[in-house]
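Engineer: First, the structure itself, so that you have it in front of you.
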Amino acid sequence: MCGRYSFFLVLVLCCSISAAKEAVEIPLSEVWALHMPGTKDLSATTDESPVQHTTPKHIVIPQRKLLEKPPEAEAMSGLAVYGTGRRALTFASIGLATRNPDVCSPLYSTEEISIAFFSHPCNYNIYLDHVERRGNVIKIRYRCVPHYTPEVTVHLALIPLGKLPAGVYQVEITQAPLDQKYLDAGFEPLSTEAAQKIVCQPFSFTVEDPPSPELKLSDDAVVIPLSEVWGWRIPGTKPMSAGQRGGEYTAEEGPLLEEIRKRLSGLPGVGEEKKAEAGFIVAGTGMEAMKKAHAILMGKEDRRNDFEVDQELSLVFFTYRSTSYIHLHDIVIEDHTIRVRFKFIPHRSREVTNHFALIPISGLKGGKYEVLVERLPLEQKYVKAGVPPRPTSSNNLVSSSFSFSVKESTKQAGQHKALLPQPAGENHED
(Lines give C-alpha, C1' and ligand atoms only; values in the text may rest on other atoms or scores of the structure.)
Protein backbone atom coordinates (compact mmCIF):
# COMPACT_ATOMS: atom_id res chain seq x y z
CA MET A 1 0.00 0.00 0.00
CA CYS A 2 2.81 2.36 0.91
CA GLY A 3 4.59 1.64 -2.37
CA ARG A 4 1.41 2.31 -4.39
CA TYR A 5 0.86 5.59 -2.52
CA SER A 6 4.43 6.67 -3.20
CA PHE A 7 4.00 5.84 -6.90
CA PHE A 8 0.90 8.02 -7.20
CA LEU A 9 2.56 10.84 -5.24
CA VAL A 10 5.54 10.82 -7.61
CA LEU A 11 3.15 10.73 -10.59
CA VAL A 12 1.20 13.74 -9.27
CA LEU A 13 4.41 15.68 -8.62
CA CYS A 14 5.76 14.91 -12.09
CA CYS A 15 2.49 16.00 -13.69
CA SER A 16 2.51 19.24 -11.64
CA ILE A 17 6.09 20.06 -12.64
CA SER A 18 5.31 19.26 -16.29
CA ALA A 19 2.24 21.49 -16.23
CA ALA A 20 4.20 24.36 -14.66
CA LYS A 21 6.71 24.22 -17.53
CA GLU A 22 4.13 23.74 -20.25
CA ALA A 23 4.21 26.41 -22.94
CA VAL A 24 1.23 28.78 -23.09
CA GLU A 25 0.64 30.38 -26.47
CA ILE A 26 -0.35 34.04 -26.60
CA PRO A 27 -2.67 34.32 -29.61
CA LEU A 28 -1.86 37.07 -32.08
CA SER A 29 -5.53 38.06 -31.85
CA GLU A 30 -4.78 39.34 -28.30
CA VAL A 31 -1.79 41.41 -29.42
CA TRP A 32 -2.16 45.12 -30.15
CA ALA A 33 0.03 46.16 -33.06
CA LEU A 34 0.70 48.59 -35.88
CA HIS A 35 0.72 47.08 -39.38
CA MET A 36 0.71 43.40 -38.40
CA PRO A 37 -1.82 40.91 -39.82
CA GLY A 38 -3.83 38.87 -37.33
CA THR A 39 -3.45 41.40 -34.50
CA LYS A 40 -5.67 44.11 -33.03
CA ASP A 41 -5.13 47.46 -34.73
CA LEU A 42 -3.38 49.76 -32.27
CA SER A 43 -4.44 52.84 -34.22
CA ALA A 44 -8.14 51.92 -34.02
CA THR A 45 -10.54 54.48 -32.58
CA THR A 46 -13.74 52.42 -32.44
CA ASP A 47 -15.86 52.27 -29.31
CA GLU A 48 -14.82 48.65 -28.72
CA SER A 49 -11.14 49.57 -28.66
CA PRO A 50 -9.34 50.30 -25.36
CA VAL A 51 -7.47 52.94 -27.35
CA GLN A 52 -10.57 54.83 -28.37
CA HIS A 53 -9.18 58.08 -26.96
CA THR A 54 -5.82 57.68 -28.69
CA THR A 55 -4.79 60.87 -30.43
CA PRO A 56 -2.63 60.77 -33.57
CA LYS A 57 0.48 61.77 -31.65
CA HIS A 58 0.40 58.53 -29.67
CA ILE A 59 0.88 56.67 -32.94
CA VAL A 60 3.11 59.22 -34.65
CA ILE A 61 5.65 59.53 -31.83
CA PRO A 62 6.67 55.85 -31.62
CA GLN A 63 6.68 55.58 -35.42
CA ARG A 64 8.93 58.61 -35.71
CA LYS A 65 11.31 57.31 -33.06
CA LEU A 66 11.55 53.96 -34.82
CA LEU A 67 12.33 55.74 -38.08
CA GLU A 68 14.98 58.02 -36.52
CA LYS A 69 17.45 55.31 -35.52
CA PRO A 70 20.73 55.64 -37.47
CA PRO A 71 21.02 52.70 -39.91
CA GLU A 72 24.43 51.66 -38.58
CA ALA A 73 23.33 51.59 -34.91
CA GLU A 74 22.11 48.39 -33.28
CA ALA A 75 18.46 48.18 -32.31
CA MET A 76 17.74 48.61 -28.62
CA SER A 77 16.29 45.77 -26.62
CA GLY A 78 12.57 45.19 -26.41
CA LEU A 79 10.63 46.76 -23.54
CA ALA A 80 8.62 45.40 -20.63
CA VAL A 81 5.94 47.97 -19.82
CA TYR A 82 2.86 48.35 -17.67
CA GLY A 83 -0.64 47.77 -18.98
CA THR A 84 -2.19 46.70 -22.28
CA GLY A 85 -3.38 48.58 -25.35
CA ARG A 86 -3.23 52.36 -25.14
CA ARG A 87 -1.76 52.37 -21.63
CA ALA A 88 1.10 50.12 -22.70
CA LEU A 89 1.56 52.27 -25.82
CA THR A 90 2.08 55.35 -23.64
CA PHE A 91 4.92 53.69 -21.73
CA ALA A 92 6.43 52.17 -24.88
CA SER A 93 6.44 55.61 -26.54
CA ILE A 94 8.36 57.07 -23.61
CA GLY A 95 10.85 54.20 -23.66
CA LEU A 96 11.46 54.62 -27.40
CA ALA A 97 11.69 58.41 -27.15
CA THR A 98 14.25 58.27 -24.35
CA ARG A 99 15.92 55.02 -25.48
CA ASN A 100 15.45 53.83 -21.93
CA PRO A 101 14.81 50.07 -21.68
CA ASP A 102 14.00 50.43 -17.97
CA VAL A 103 11.21 52.96 -18.48
CA CYS A 104 8.89 50.97 -16.19
CA SER A 105 11.45 49.63 -13.73
CA PRO A 106 10.59 48.43 -11.16
CA LEU A 107 7.78 46.23 -12.45
CA TYR A 108 5.38 44.91 -9.82
CA SER A 109 3.49 41.61 -9.64
CA THR A 110 0.23 43.45 -8.97
CA GLU A 111 0.20 45.12 -12.40
CA GLU A 112 -0.55 43.81 -15.89
CA ILE A 113 2.56 43.79 -18.07
CA SER A 114 3.10 43.84 -21.83
CA ILE A 115 6.16 43.28 -24.03
CA ALA A 116 6.84 45.95 -26.65
CA PHE A 117 8.26 44.28 -29.77
CA PHE A 118 9.33 46.59 -32.60
CA SER A 119 11.39 46.93 -35.75
CA HIS A 120 13.20 49.83 -37.43
CA PRO A 121 13.07 50.82 -41.14
CA CYS A 122 13.41 47.78 -43.38
CA ASN A 123 12.40 46.71 -46.89
CA TYR A 124 10.91 43.61 -45.28
CA ASN A 125 7.74 43.62 -43.24
CA ILE A 126 8.58 42.26 -39.77
CA TYR A 127 5.48 40.36 -38.63
CA LEU A 128 4.90 38.38 -35.44
CA ASP A 129 4.68 34.67 -36.21
CA HIS A 130 4.34 32.98 -32.79
CA VAL A 131 4.50 34.03 -29.12
CA GLU A 132 4.56 31.72 -26.12
CA ARG A 133 5.45 31.78 -22.46
CA ARG A 134 7.01 28.80 -20.71
CA GLY A 135 7.52 29.59 -17.03
CA ASN A 136 9.90 32.55 -16.87
CA VAL A 137 10.84 32.41 -20.55
CA ILE A 138 8.90 34.33 -23.21
CA LYS A 139 9.65 33.25 -26.79
CA ILE A 140 8.85 35.62 -29.65
CA ARG A 141 9.27 34.41 -33.22
CA TYR A 142 8.89 36.81 -36.14
CA ARG A 143 8.78 36.30 -39.88
CA CYS A 144 10.02 38.47 -42.72
CA VAL A 145 7.74 39.30 -45.63
CA PRO A 146 9.54 41.14 -48.46
CA HIS A 147 8.18 44.29 -50.03
CA TYR A 148 7.62 44.23 -53.77
CA THR A 149 8.11 48.02 -53.89
CA PRO A 150 11.06 50.19 -52.75
CA GLU A 151 9.25 51.28 -49.55
CA VAL A 152 10.45 50.71 -45.98
CA THR A 153 8.24 50.08 -42.96
CA VAL A 154 8.46 50.05 -39.15
CA HIS A 155 6.39 47.87 -36.85
CA LEU A 156 5.32 47.86 -33.19
CA ALA A 157 3.47 45.21 -31.20
CA LEU A 158 2.30 45.15 -27.59
CA ILE A 159 2.13 41.56 -26.34
CA PRO A 160 0.00 41.13 -23.17
CA LEU A 161 1.45 38.90 -20.45
CA GLY A 162 -1.05 39.67 -17.71
CA LYS A 163 0.09 39.77 -14.08
CA LEU A 164 3.32 37.87 -13.54
CA PRO A 165 4.69 36.32 -10.33
CA ALA A 166 7.83 37.92 -8.91
CA GLY A 167 10.98 36.68 -10.62
CA VAL A 168 13.45 37.24 -13.45
CA TYR A 169 12.09 36.73 -16.97
CA GLN A 170 14.00 36.09 -20.20
CA VAL A 171 12.64 37.26 -23.56
CA GLU A 172 13.99 35.32 -26.52
CA ILE A 173 13.52 36.76 -30.03
CA THR A 174 14.15 34.58 -33.07
CA GLN A 175 13.53 34.74 -36.82
CA ALA A 176 11.43 32.13 -38.62
CA PRO A 177 12.81 30.72 -41.89
CA LEU A 178 11.90 32.73 -44.95
CA ASP A 179 8.95 31.18 -46.81
CA GLN A 180 9.99 29.05 -49.76
CA LYS A 181 7.92 31.15 -52.18
CA TYR A 182 10.08 34.19 -51.36
CA LEU A 183 13.29 32.19 -51.70
CA ASP A 184 12.05 30.98 -55.09
CA ALA A 185 11.40 34.60 -56.06
CA GLY A 186 15.05 35.46 -55.31
CA PHE A 187 14.69 37.08 -51.88
CA GLU A 188 17.29 36.28 -49.21
CA PRO A 189 16.71 35.80 -45.46
CA LEU A 190 17.49 38.73 -43.19
CA SER A 191 21.06 38.17 -41.99
CA THR A 192 21.92 38.00 -38.31
CA GLU A 193 23.94 41.20 -38.62
CA ALA A 194 21.07 43.03 -40.32
CA ALA A 195 18.54 41.72 -37.80
CA GLN A 196 20.58 43.15 -34.92
CA LYS A 197 20.15 46.61 -36.45
CA ILE A 198 16.50 46.26 -37.44
CA VAL A 199 14.67 44.10 -34.88
CA CYS A 200 14.54 44.76 -31.13
CA GLN A 201 17.01 42.59 -29.25
CA PRO A 202 16.41 39.84 -26.64
CA PHE A 203 16.38 41.03 -23.03
CA SER A 204 15.46 40.17 -19.47
CA PHE A 205 13.32 41.97 -16.92
CA THR A 206 12.51 41.57 -13.24
CA VAL A 207 9.12 41.55 -11.57
CA GLU A 208 8.98 42.35 -7.85
CA ASP A 209 6.33 42.06 -5.17
CA PRO A 210 5.54 45.66 -4.21
CA PRO A 211 6.56 46.76 -0.72
CA SER A 212 3.58 47.38 1.51
CA PRO A 213 2.89 51.00 2.48
CA GLU A 214 2.11 49.65 5.95
CA LEU A 215 5.00 48.23 7.97
CA LYS A 216 4.50 45.35 10.39
CA LEU A 217 6.00 46.81 13.53
CA SER A 218 7.20 45.16 16.70
CA ASP A 219 6.09 46.42 20.11
CA ASP A 220 9.47 48.15 20.52
CA ALA A 221 9.29 50.07 17.21
CA VAL A 222 9.22 53.86 17.41
CA VAL A 223 7.43 55.82 14.67
CA ILE A 224 8.63 59.40 14.24
CA PRO A 225 5.62 61.50 13.19
CA LEU A 226 6.15 63.69 10.14
CA SER A 227 4.84 66.55 12.26
CA GLU A 228 8.11 66.39 14.25
CA VAL A 229 10.24 66.59 11.09
CA TRP A 230 11.50 69.96 9.88
CA GLY A 231 11.22 69.88 6.09
CA TRP A 232 11.47 71.85 2.88
CA ARG A 233 8.51 71.25 0.53
CA ILE A 234 7.54 67.98 2.22
CA PRO A 235 3.84 67.69 3.18
CA GLY A 236 3.05 66.90 6.80
CA THR A 237 6.31 68.31 8.17
CA LYS A 238 7.03 71.54 10.00
CA PRO A 239 7.79 73.82 7.05
CA MET A 240 11.14 75.52 6.55
CA SER A 241 11.13 78.89 4.83
CA ALA A 242 13.51 80.70 2.51
CA GLY A 243 11.05 83.52 1.87
CA GLN A 244 12.05 87.16 1.91
CA ARG A 245 10.26 90.41 2.62
CA GLY A 246 11.85 93.73 1.87
CA GLY A 247 15.12 91.99 1.01
CA GLU A 248 15.29 90.25 4.39
CA TYR A 249 14.69 86.58 5.14
CA THR A 250 11.51 86.06 7.14
CA ALA A 251 12.85 83.00 9.01
CA GLU A 252 16.12 82.33 10.82
CA GLU A 253 16.89 79.32 8.63
CA GLY A 254 16.29 81.30 5.43
CA PRO A 255 19.87 82.12 4.31
CA LEU A 256 21.15 78.61 5.16
CA LEU A 257 18.22 76.93 3.41
CA GLU A 258 18.72 79.08 0.31
CA GLU A 259 22.34 77.94 0.00
CA ILE A 260 21.33 74.31 0.55
CA ARG A 261 18.65 74.62 -2.15
CA LYS A 262 21.21 75.98 -4.62
CA ARG A 263 23.61 73.18 -3.68
CA LEU A 264 20.90 70.59 -4.49
CA SER A 265 19.58 72.32 -7.61
CA GLY A 266 21.92 70.44 -9.94
CA LEU A 267 22.32 66.73 -10.52
CA PRO A 268 24.26 64.38 -8.21
CA GLY A 269 27.84 63.70 -9.21
CA VAL A 270 29.15 60.90 -7.00
CA GLY A 271 30.69 57.89 -8.80
CA GLU A 272 30.12 56.62 -12.32
CA GLU A 273 26.39 56.22 -11.70
CA LYS A 274 26.10 59.86 -10.57
CA LYS A 275 24.43 58.93 -7.31
CA ALA A 276 23.48 61.29 -4.53
CA GLU A 277 25.65 61.19 -1.45
CA ALA A 278 24.53 59.17 1.53
CA GLY A 279 22.45 60.86 4.17
CA PHE A 280 24.13 61.61 7.49
CA ILE A 281 23.65 62.40 11.16
CA VAL A 282 24.35 65.68 12.94
CA ALA A 283 24.31 66.50 16.62
CA GLY A 284 21.47 68.71 17.82
CA THR A 285 18.01 69.60 16.58
CA GLY A 286 16.40 72.70 15.09
CA MET A 287 18.76 75.53 14.15
CA GLU A 288 21.75 73.78 15.72
CA ALA A 289 21.21 70.82 13.38
CA MET A 290 20.50 73.15 10.46
CA LYS A 291 23.84 74.93 10.86
CA LYS A 292 25.77 71.66 11.05
CA ALA A 293 23.95 70.12 8.07
CA HIS A 294 24.61 73.28 6.06
CA ALA A 295 28.31 73.20 6.92
CA ILE A 296 28.61 69.56 5.82
CA LEU A 297 26.68 70.01 2.56
CA MET A 298 28.73 73.11 1.75
CA GLY A 299 31.95 71.16 2.30
CA LYS A 300 33.03 73.21 5.31
CA GLU A 301 32.92 70.31 7.78
CA ASP A 302 33.36 66.54 7.57
CA ARG A 303 30.62 64.05 8.37
CA ARG A 304 30.67 62.21 11.66
CA ASN A 305 29.86 58.55 12.11
CA ASP A 306 30.20 58.27 15.92
CA PHE A 307 27.94 59.89 18.49
CA GLU A 308 27.11 59.52 22.18
CA VAL A 309 23.94 58.23 23.79
CA ASP A 310 23.25 61.44 25.68
CA GLN A 311 23.30 63.61 22.53
CA GLU A 312 20.27 64.96 20.69
CA LEU A 313 20.62 63.90 17.05
CA SER A 314 19.05 64.69 13.68
CA LEU A 315 19.04 62.59 10.51
CA VAL A 316 19.61 64.61 7.34
CA PHE A 317 17.52 63.59 4.30
CA PHE A 318 17.83 65.43 0.98
CA THR A 319 17.10 65.12 -2.73
CA TYR A 320 18.50 66.66 -5.90
CA ARG A 321 16.34 68.33 -8.53
CA SER A 322 13.64 66.10 -9.96
CA THR A 323 10.66 66.35 -12.28
CA SER A 324 8.66 64.64 -9.50
CA TYR A 325 8.14 65.64 -5.90
CA ILE A 326 9.94 63.30 -3.50
CA HIS A 327 7.97 63.12 -0.27
CA LEU A 328 8.64 61.33 2.99
CA HIS A 329 6.13 58.57 3.78
CA ASP A 330 7.26 57.45 7.24
CA ILE A 331 10.28 57.08 9.54
CA VAL A 332 10.52 54.09 11.88
CA ILE A 333 13.20 53.12 14.42
CA GLU A 334 13.17 49.40 15.20
CA ASP A 335 15.99 47.94 17.24
CA HIS A 336 19.14 49.24 15.49
CA THR A 337 17.49 49.91 12.11
CA ILE A 338 16.08 53.24 11.01
CA ARG A 339 13.81 53.08 7.96
CA VAL A 340 13.21 56.25 5.97
CA ARG A 341 10.63 55.57 3.25
CA PHE A 342 9.86 58.00 0.45
CA LYS A 343 7.69 58.14 -2.67
CA PHE A 344 7.67 59.98 -5.98
CA ILE A 345 4.69 62.25 -6.63
CA PRO A 346 4.29 63.54 -10.23
CA HIS A 347 4.39 67.27 -10.83
CA ARG A 348 1.37 68.84 -12.44
CA SER A 349 3.57 71.37 -14.24
CA ARG A 350 6.98 71.45 -15.94
CA GLU A 351 8.85 72.43 -12.80
CA VAL A 352 11.73 70.72 -11.03
CA THR A 353 12.03 70.54 -7.25
CA ASN A 354 14.44 69.45 -4.56
CA HIS A 355 13.78 68.63 -0.93
CA PHE A 356 15.51 68.71 2.43
CA ALA A 357 14.56 67.47 5.91
CA LEU A 358 15.94 67.23 9.45
CA ILE A 359 14.52 64.20 11.28
CA PRO A 360 14.93 64.14 15.10
CA ILE A 361 16.15 60.75 16.34
CA SER A 362 17.29 61.52 19.88
CA GLY A 363 17.22 58.94 22.69
CA LEU A 364 19.02 56.15 20.86
CA LYS A 365 20.67 53.39 22.85
CA GLY A 366 24.27 52.40 22.20
CA GLY A 367 25.30 50.35 19.17
CA LYS A 368 25.69 50.47 15.40
CA TYR A 369 22.67 51.70 13.42
CA GLU A 370 21.73 51.03 9.80
CA VAL A 371 19.72 53.75 8.08
CA LEU A 372 17.73 52.25 5.19
CA VAL A 373 16.37 54.75 2.67
CA GLU A 374 13.62 52.92 0.77
CA ARG A 375 11.32 53.83 -2.09
CA LEU A 376 7.61 52.97 -2.18
CA PRO A 377 5.74 52.20 -5.43
CA LEU A 378 3.98 54.93 -7.36
CA GLU A 379 0.46 55.35 -5.99
CA GLN A 380 -2.22 53.49 -7.93
CA LYS A 381 -4.15 56.63 -8.85
CA TYR A 382 -1.15 57.84 -10.88
CA VAL A 383 -0.43 54.44 -12.44
CA LYS A 384 -4.07 54.11 -13.57
CA ALA A 385 -3.87 57.63 -15.04
CA GLY A 386 -1.02 56.46 -17.27
CA VAL A 387 1.84 58.13 -15.40
CA PRO A 388 4.96 55.98 -15.86
CA PRO A 389 6.76 54.97 -12.65
CA ARG A 390 10.15 56.60 -12.33
CA PRO A 391 12.99 54.25 -13.37
CA THR A 392 15.12 52.66 -10.67
CA SER A 393 17.94 55.06 -11.62
CA SER A 394 15.80 57.92 -10.24
CA ASN A 395 16.63 56.61 -6.76
CA ASN A 396 20.07 58.14 -7.38
CA LEU A 397 18.47 61.57 -6.83
CA VAL A 398 17.80 60.72 -3.17
CA SER A 399 20.30 60.65 -0.32
CA SER A 400 21.19 56.99 0.10
CA SER A 401 21.40 54.52 3.00
CA PHE A 402 24.26 54.66 5.50
CA SER A 403 25.33 53.57 8.98
CA PHE A 404 26.54 55.27 12.16
CA SER A 405 27.36 54.34 15.76
CA VAL A 406 26.16 55.55 19.13
CA LYS A 407 28.50 55.00 22.06
CA GLU A 408 28.39 55.67 25.76
CA SER A 409 29.75 59.08 26.65
CA THR A 410 33.09 59.35 28.45
CA LYS A 411 31.26 60.48 31.58
CA GLN A 412 28.87 57.50 31.52
CA ALA A 413 31.68 55.06 30.82
CA GLY A 414 33.53 56.40 33.87
CA GLN A 415 30.43 56.01 36.04
CA HIS A 416 29.94 52.43 34.88
CA LYS A 417 33.58 51.63 35.54
CA ALA A 418 33.35 53.00 39.09
CA LEU A 419 30.38 50.69 39.78
CA LEU A 420 32.26 47.56 38.72
CA PRO A 421 33.46 45.30 41.60
CA GLN A 422 37.19 45.79 42.23
CA PRO A 423 39.56 42.80 42.33
CA ALA A 424 40.55 41.73 45.84
CA GLY A 425 43.83 43.09 47.19
CA GLU A 426 43.80 46.29 45.13
CA ASN A 427 43.64 49.68 46.80
CA HIS A 428 42.07 52.43 44.74
CA GLU A 429 42.17 55.12 47.41
CA ASP A 430 44.31 58.16 46.71
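Lettering and numbering for the C-alpha coordinates are positional, with chains as A, B, ... in the shown order, residues counted from 1 in each chain, and ligands counted from 1 in the shown order.
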Using DSSP secondary structure from the backbone, list all helix (DSSP H, G or I) positions within region 79-181 of chain A, as a list of chain:residue names.
Structural biologist: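 Here are the helix (DSSP H, G or I) residues of region 79-181 of chain A: A:Gly85, A:Arg86, A:Arg87, A:Ala88, A:Leu89, A:Thr90, A:Phe91, A:Ala92, A:Ser93, A:Ile94, A:Gly95, A:Leu96, A:Ala97, A:Thr98, A:Gln180, A:Lys181.
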Engineer: Would you give me, as a Markdown table, each residue of region 71-122 of chain A having an atom within 12 Å of an atom of region 29-32 of chain A, along with its shortest atom pair and that distance in Å to one decimal, using only C-alpha atoms and sorting by chain and residue number?
Structural biologist:
| residue | atom | partner | partner_atom | distance |
| --- | --- | --- | --- | --- |
| A:Gly83 | CA | A:Trp32 | CA | 11.6 |
| A:Thr84 | CA | A:Trp32 | CA | 8.0 |
| A:Gly85 | CA | A:Trp32 | CA | 6.0 |
| A:Arg86 | CA | A:Trp32 | CA | 8.9 |
| A:Arg87 | CA | A:Trp32 | CA | 11.2 |
| A:Ala88 | CA | A:Trp32 | CA | 9.5 |
| A:Leu89 | CA | A:Trp32 | CA | 9.1 |
| A:Ser114 | CA | A:Val31 | CA | 9.3 |
| A:Ile115 | CA | A:Val31 | CA | 9.8 |
| A:Ala116 | CA | A:Trp32 | CA | 9.7 |
| A:Phe117 | CA | A:Val31 | CA | 10.5 |
| A:Phe118 | CA | A:Trp32 | CA | 11.8 |
Engineer: Would you mind telling me which residue in A:Asn396, A:Pro225, A:Glu208, A:Phe404 lies nearest to Arg304 (chain A) when using only C-alpha atoms?
Structural biologist: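 Among A:Asn396, A:Pro225, A:Glu208, A:Phe404, it is A:Phe404 that comes nearest to Arg304 (chain A).
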Engineer: Restricting the calculation to only C-alpha atoms: of A:Met240, A:Val373, A:Val24, A:Ala195, which residue gets closest to Lys139 (chain A)?
Structural biologist: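 Under the stated criterion, the closest residue is A:Val24.
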Engineer: When you look at Pro146 (chain A) with a cut-off of 10 Å (counting only C-alpha atoms), what residues show up, excluding the ones that are within fewer than 5 positions of it in the same chain? I need them as a list in words.
Structural biologist: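 So, after excluding close chain neighbours, the residues are Cys122, Asn123, Tyr124, Asn125, Ile126, Val152, Leu178, Tyr182, Phe187, Glu188, Pro189 and Leu190 of chain A.
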